[in-house]
Amino acid sequence: MFHCRKPVPHSLALGAFFFRIALPLLLCLASAAPRAATFLIQDRWGGIIGLTRTAEGEVRDPAIVRPWMESPDSIQFIDMEADSTGGYQLLKNGMILPMGAAHPIPVDTAPNQTASALAMTPGGLGGWMAVDDYIRQIGRPPQLAYPASLKKGRRIADLEYDPVKSQLWILFEDGGVACAGPRSPESLDGLKLKNDTAVDVEVIGSDVAVLTRKSRVYFVTRKNAALQKNTPELGDGLAIDLEPSPFGAGFYILDVFGVIHACGGAPEIPTEPLTRDAAVDLEWIPADEAPQWFPAGWNTQVAFQPETLLLDPAGPAKYLTLYVDRAENMARFWAEIEFNPKRLRLDPDQVRVGSWWSREISAPQIHKSLDEKKGILTVHGTGASSIFSGANGGGDAAMIAVAPVAGVTSATAEIRVKRFYFEDAALRYPFLLTTETPAVTVKLEPIQPELSLVWLKQASKVDNPGDDSNKRGVFRFDLTARHASRIQTLDFDLSFSRDTLKFLGMTPGAAWNPRAPIQTHFDAPSHANENGKLTSQQIKAAEPGALRDVEASLLTLFFVSTAEGEAWVRFDSIAGRDERDGAIPLDVTRREARFPVEPPAPAYARGSQIR
C-alpha cells in the first residue's frame, strides 16, 4: 500500500469526492440507456443462431452465426463463451473450438472424461473447464484460491467468471455454490435441492442466481435461497441456461427448443422454437448485427483439374490434379474418389503428393487405398503441423494417374469426389466438406498428335512471314503441338539457309511439364552454322505423360538474319515415339517457312549513339 507524504490539494479532493458520487450515477444512467445486443443460441451440433435487438428495440430475424458441424452424435457441444470478436465452444469430450478471432487453445482430452462447463478470461488468455468433479485449468488464467467444497464425487454443473472481481463461481449439481477468489474462497450454502438439479449459475448485479432443471430460479446467499417468482413453468429438463439482461433489469431463460423467455422485467426477445430439442447454451454480445464465425475450412473447395481429360486408348496414363482452394489451417485431408472401374484404371501406386501440399506441410505424405470392385480410390494427405500452422491458401494437393482399361477403345466416363474430409489443425477432428465438387469428364478416343511450324519475330506472332516490316532482327520459330501427350521422345532433323540466317540455339517448349525430367540432345550452334543442318536432335522424357495436352510449343528455335535475300527453315524429318508402342503417327501440317530478310540494322540506325 502507498502512503501520501504530501497533503492532497483542495481541488483534487473535491474532484475525488465528485468522482465517487457521480460515477455510480453515470453507470446507472448508462446501464439504463437503450443498447443493442445480439443473443447467441448454440445447439448440440455446434450451430449458432444470432438474434439482434437494436437500440430502438427492434428484434431482427435470426441469422446464422456458425453453421452446424458434420460430426457423429457421440460428439456433443455443451457450452459456449463469447464476446464481440469471437469465443470458444466446448464439446462434451473436453475439446475446445475457437470462433472468430479467438486463438486456438491446446487441450488434451481423456477418452472417458465428461466436461460440463467452460469459463474463459477476457482476451482468451486462459480459463477453466469443469470435468466431472474437478476443475481443469486452461492456458494461463489468474491464480485462484479454491474452496474445500471441491471434493471427489461432487459433480460440477457450471462455471462463471467475474472479470471485475477476478472471481470464479462454481455451481454443483446439488445446488451448492462456491467462489474461488484471488485471495480466499467463499461458499454459499443457502440452496439445498431435493428432487431437482442445478444447471446454471449467473451473477446478476450483486446477486448470485441459480437455475435448476425444473426451471426454478433461486437467488442464493450464504444462509438462504430466495425463489424468484413469475418464472415460466417449463417442465422437468426443459430449462437449460440463464442469462442476465443486457438492457438493465431482469434476466432470460433458454429452453431446449431454443426459445428465450424474458423474466423480471427484461424486454421480450421473440423466438421461434427449433425443430428439435437441441439448444444447449445462451450468450449475448454487444453487437447491432449478428457476426459470422464460420469454422476454418468451411469455405474450402475442392475440384479436379482439368475439367475434361482426353485419354488415348493406346496412350499413357494422364494425371488429374486434386486442387484445394481457400484452405484454412488444414492439417490433413481425406478424399474418396469415385470412378468406373470397367472403363478407367486409377493406380494407387501412381498417386503423388501435390506441390502445394509439399510446400505447406512439413514431412508431407499421401496414403492411398483402392476398392477396385466399387471403384473408390481413397487419398489421405498427412504431414506434420502445429495448431497455429496448417496448410493455407490453395493448390494441388495430390496428383492421380488415370489410364484406360485394356480393350476399351472409345467411351466416356466420369471421375468425381464422392466425399472430402478435412481436419483443422486447431481442432484435431475431421469434418465433412459440404461443397459439391464438379465431376471430370474422361473421353477415351484415339488421338493423333498434330504438329505445326509457326514463325514468330521478337516473340510476336506474324501471320505473313513475308511482311516487309519483319525483315530485320532475331527470328523465333515454334514447333507447336496439339494432343501430344503420347509423345515421350521427339527426334528431328532440321536445315536452314545458312547464307541468310545464323542459328542461335533452341529450347524445349512450353508443352513439356516443367516438373517432368527431360533430356535433350542438341548440337552446338557453331556446328549447325557450318553446314546449315541439325541432324539426329532429340528431346526425351524420363517417363510417360511428360507432354501436356495443351496447344503449346514442343520446340523453340532462334535465328538472326545475316544478309539480304530469301531465308528458309525446314524440318527434314520429325518422329515421335513412346516407350511402349514405338513410333507414333504425326500429323504435321507445316514443315517449312520461307521469307525475305535483311541484315540487322546498324546500331546508329536504331537510335543509339556512337561514343
# chains A, B, ... in the order shown; residues from 1 in each chain; ligands from 1
>>> residues_around(residues="Ile253 (chain A)", least_positions_apart="5", cutoff="9 Å", atoms="only C-alpha atoms", output="PyMOL selection string")
chain A and resi 211+215+231-232+239-244+259-263+282
>>> select_by_dssp(residues="region 253-460 of chain A", states="helix (DSSP H, G or I)", output="MDAnalysis selection string")
chainID A and resid 348:350 355:360
>>> write_last_selection(atoms="N, CA and C atoms", output="tab-separated table (two decimals), in the first residue's frame")
chain	number	residue	atom	x	y	z
A	348	PRO	N	-3.28	-46.75	-57.41
A	348	PRO	CA	-2.85	-46.10	-56.17
A	348	PRO	C	-1.34	-45.91	-56.08
A	349	ASP	N	-0.58	-46.79	-56.75
A	349	ASP	CA	0.87	-46.66	-56.71
A	349	ASP	C	1.37	-45.45	-57.50
A	350	GLN	N	0.50	-44.89	-58.35
A	350	GLN	CA	0.89	-43.74	-59.15
A	350	GLN	C	0.36	-42.41	-58.60
A	355	SER	N	2.36	-30.32	-55.27
A	355	SER	CA	3.39	-29.35	-54.90
A	355	SER	C	2.92	-28.40	-53.80
A	356	TRP	N	1.63	-28.05	-53.79
A	356	TRP	CA	1.12	-27.16	-52.73
A	356	TRP	C	1.18	-27.86	-51.38
A	357	TRP	N	0.76	-29.12	-51.33
A	357	TRP	CA	0.79	-29.85	-50.05
A	357	TRP	C	2.24	-30.04	-49.60
A	358	SER	N	3.14	-30.26	-50.52
A	358	SER	CA	4.55	-30.39	-50.17
A	358	SER	C	5.11	-29.09	-49.61
A	359	ARG	N	4.64	-27.98	-50.16
A	359	ARG	CA	5.15	-26.68	-49.74
A	359	ARG	C	4.58	-26.24	-48.40
A	360	GLU	N	3.32	-26.56	-48.14
A	360	GLU	CA	2.64	-26.04	-46.96
A	360	GLU	C	2.80	-26.90	-45.71
>>> residues_around(residues="Lys374 (chain A)", least_positions_apart="3", cutoff="9 Å", atoms="only C-alpha atoms", output="PDB file with N, CA and C atoms, in the first residue's frame")
ATOM      1  N   GLU A 338     -14.528 -41.442 -56.788  1.00  0.00           N
ATOM      2  CA  GLU A 338     -15.373 -42.468 -57.412  1.00  0.00           C
ATOM      3  C   GLU A 338     -15.154 -42.474 -58.925  1.00  0.00           C
ATOM      4  N   PHE A 339     -15.025 -43.676 -59.512  1.00  0.00           N
ATOM      5  CA  PHE A 339     -14.813 -43.799 -60.948  1.00  0.00           C
ATOM      6  C   PHE A 339     -15.424 -45.108 -61.435  1.00  0.00           C
ATOM      7  N   ASN A 340     -15.454 -45.287 -62.757  1.00  0.00           N
ATOM      8  CA  ASN A 340     -15.999 -46.504 -63.375  1.00  0.00           C
ATOM      9  C   ASN A 340     -14.848 -47.480 -63.602  1.00  0.00           C
ATOM     10  N   PRO A 341     -14.745 -48.546 -62.805  1.00  0.00           N
ATOM     11  CA  PRO A 341     -13.606 -49.464 -62.941  1.00  0.00           C
ATOM     12  C   PRO A 341     -13.655 -50.304 -64.207  1.00  0.00           C
ATOM     13  N   LEU A 370      -7.352 -48.629 -52.558  1.00  0.00           N
ATOM     14  CA  LEU A 370      -8.240 -48.798 -53.700  1.00  0.00           C
ATOM     15  C   LEU A 370      -9.225 -49.921 -53.443  1.00  0.00           C
ATOM     16  N   ASP A 371     -10.498 -49.625 -53.631  1.00  0.00           N
ATOM     17  CA  ASP A 371     -11.547 -50.646 -53.688  1.00  0.00           C
ATOM     18  C   ASP A 371     -11.942 -50.765 -55.156  1.00  0.00           C
TER      19      ASP A 371
END
>>> closest_atom_pairs(of="region 261-350 of chain A", to="region 530-554 of chain A", cutoff="12 Å", atoms="only C-alpha atoms", output="tab-separated table")
residue	atom	partner	partner_atom	distance
A:Pro306	CA	A:Asp549	CA	10.1
A:Thr308	CA	A:Asp549	CA	10.7
A:Leu309	CA	A:Asp549	CA	8.8
A:Leu310	CA	A:Asp549	CA	8.0
A:Leu311	CA	A:Asp549	CA	9.8
A:Asp312	CA	A:Asp549	CA	11.1
A:Gly315	CA	A:Pro544	CA	8.8
A:Pro316	CA	A:Pro544	CA	5.9
A:Ala317	CA	A:Gly545	CA	6.6
A:Lys318	CA	A:Gly545	CA	5.8
A:Tyr319	CA	A:Gly545	CA	7.7
A:Leu320	CA	A:Gly545	CA	11.2
A:Gln350	CA	A:Pro544	CA	11.9
>>> atom_distance(atom1="CA of Ile64 (chain A)", atom2="CA of Gln292 (chain A)")
7.1 Å
>>> select_by_dssp(residues="region 334-369 of chain A", states="strand (DSSP E)", output="list in words")
Trp334, Ala335, Glu336, Ile337, Glu338, Leu344, Arg345, Leu346, Arg352, Val353, Ser362, Ala363, Pro364, Gln365, Ile366, His367, Lys368 and Ser369 of chain A
>>> residues_around(residues="Ala82 (chain A)", least_positions_apart="6", cutoff="8 Å", atoms="only C-alpha atoms", output="compact mmCIF listing (two decimals) with N, CA and C atoms, in the first residue's frame")
# COMPACT_ATOMS: atom_id res chain seq x y z
N TYR A 88 -15.38 -19.35 -27.76
CA TYR A 88 -14.99 -20.76 -27.72
C TYR A 88 -16.22 -21.62 -27.53
N GLU A 283 -25.84 -16.99 -24.92
CA GLU A 283 -24.93 -15.90 -24.56
C GLU A 283 -25.41 -14.65 -25.30
N TRP A 284 -24.99 -13.48 -24.82
CA TRP A 284 -25.23 -12.26 -25.58
C TRP A 284 -23.94 -11.47 -25.70
N ILE A 285 -23.83 -10.74 -26.81
CA ILE A 285 -22.67 -9.90 -27.06
C ILE A 285 -23.16 -8.51 -27.45
>>> residues_around(residues="Ser184 (chain A)", least_positions_apart="4", cutoff="9 Å", atoms="only C-alpha atoms", output="ChimeraX atom specification")
/A:144-147,179-180
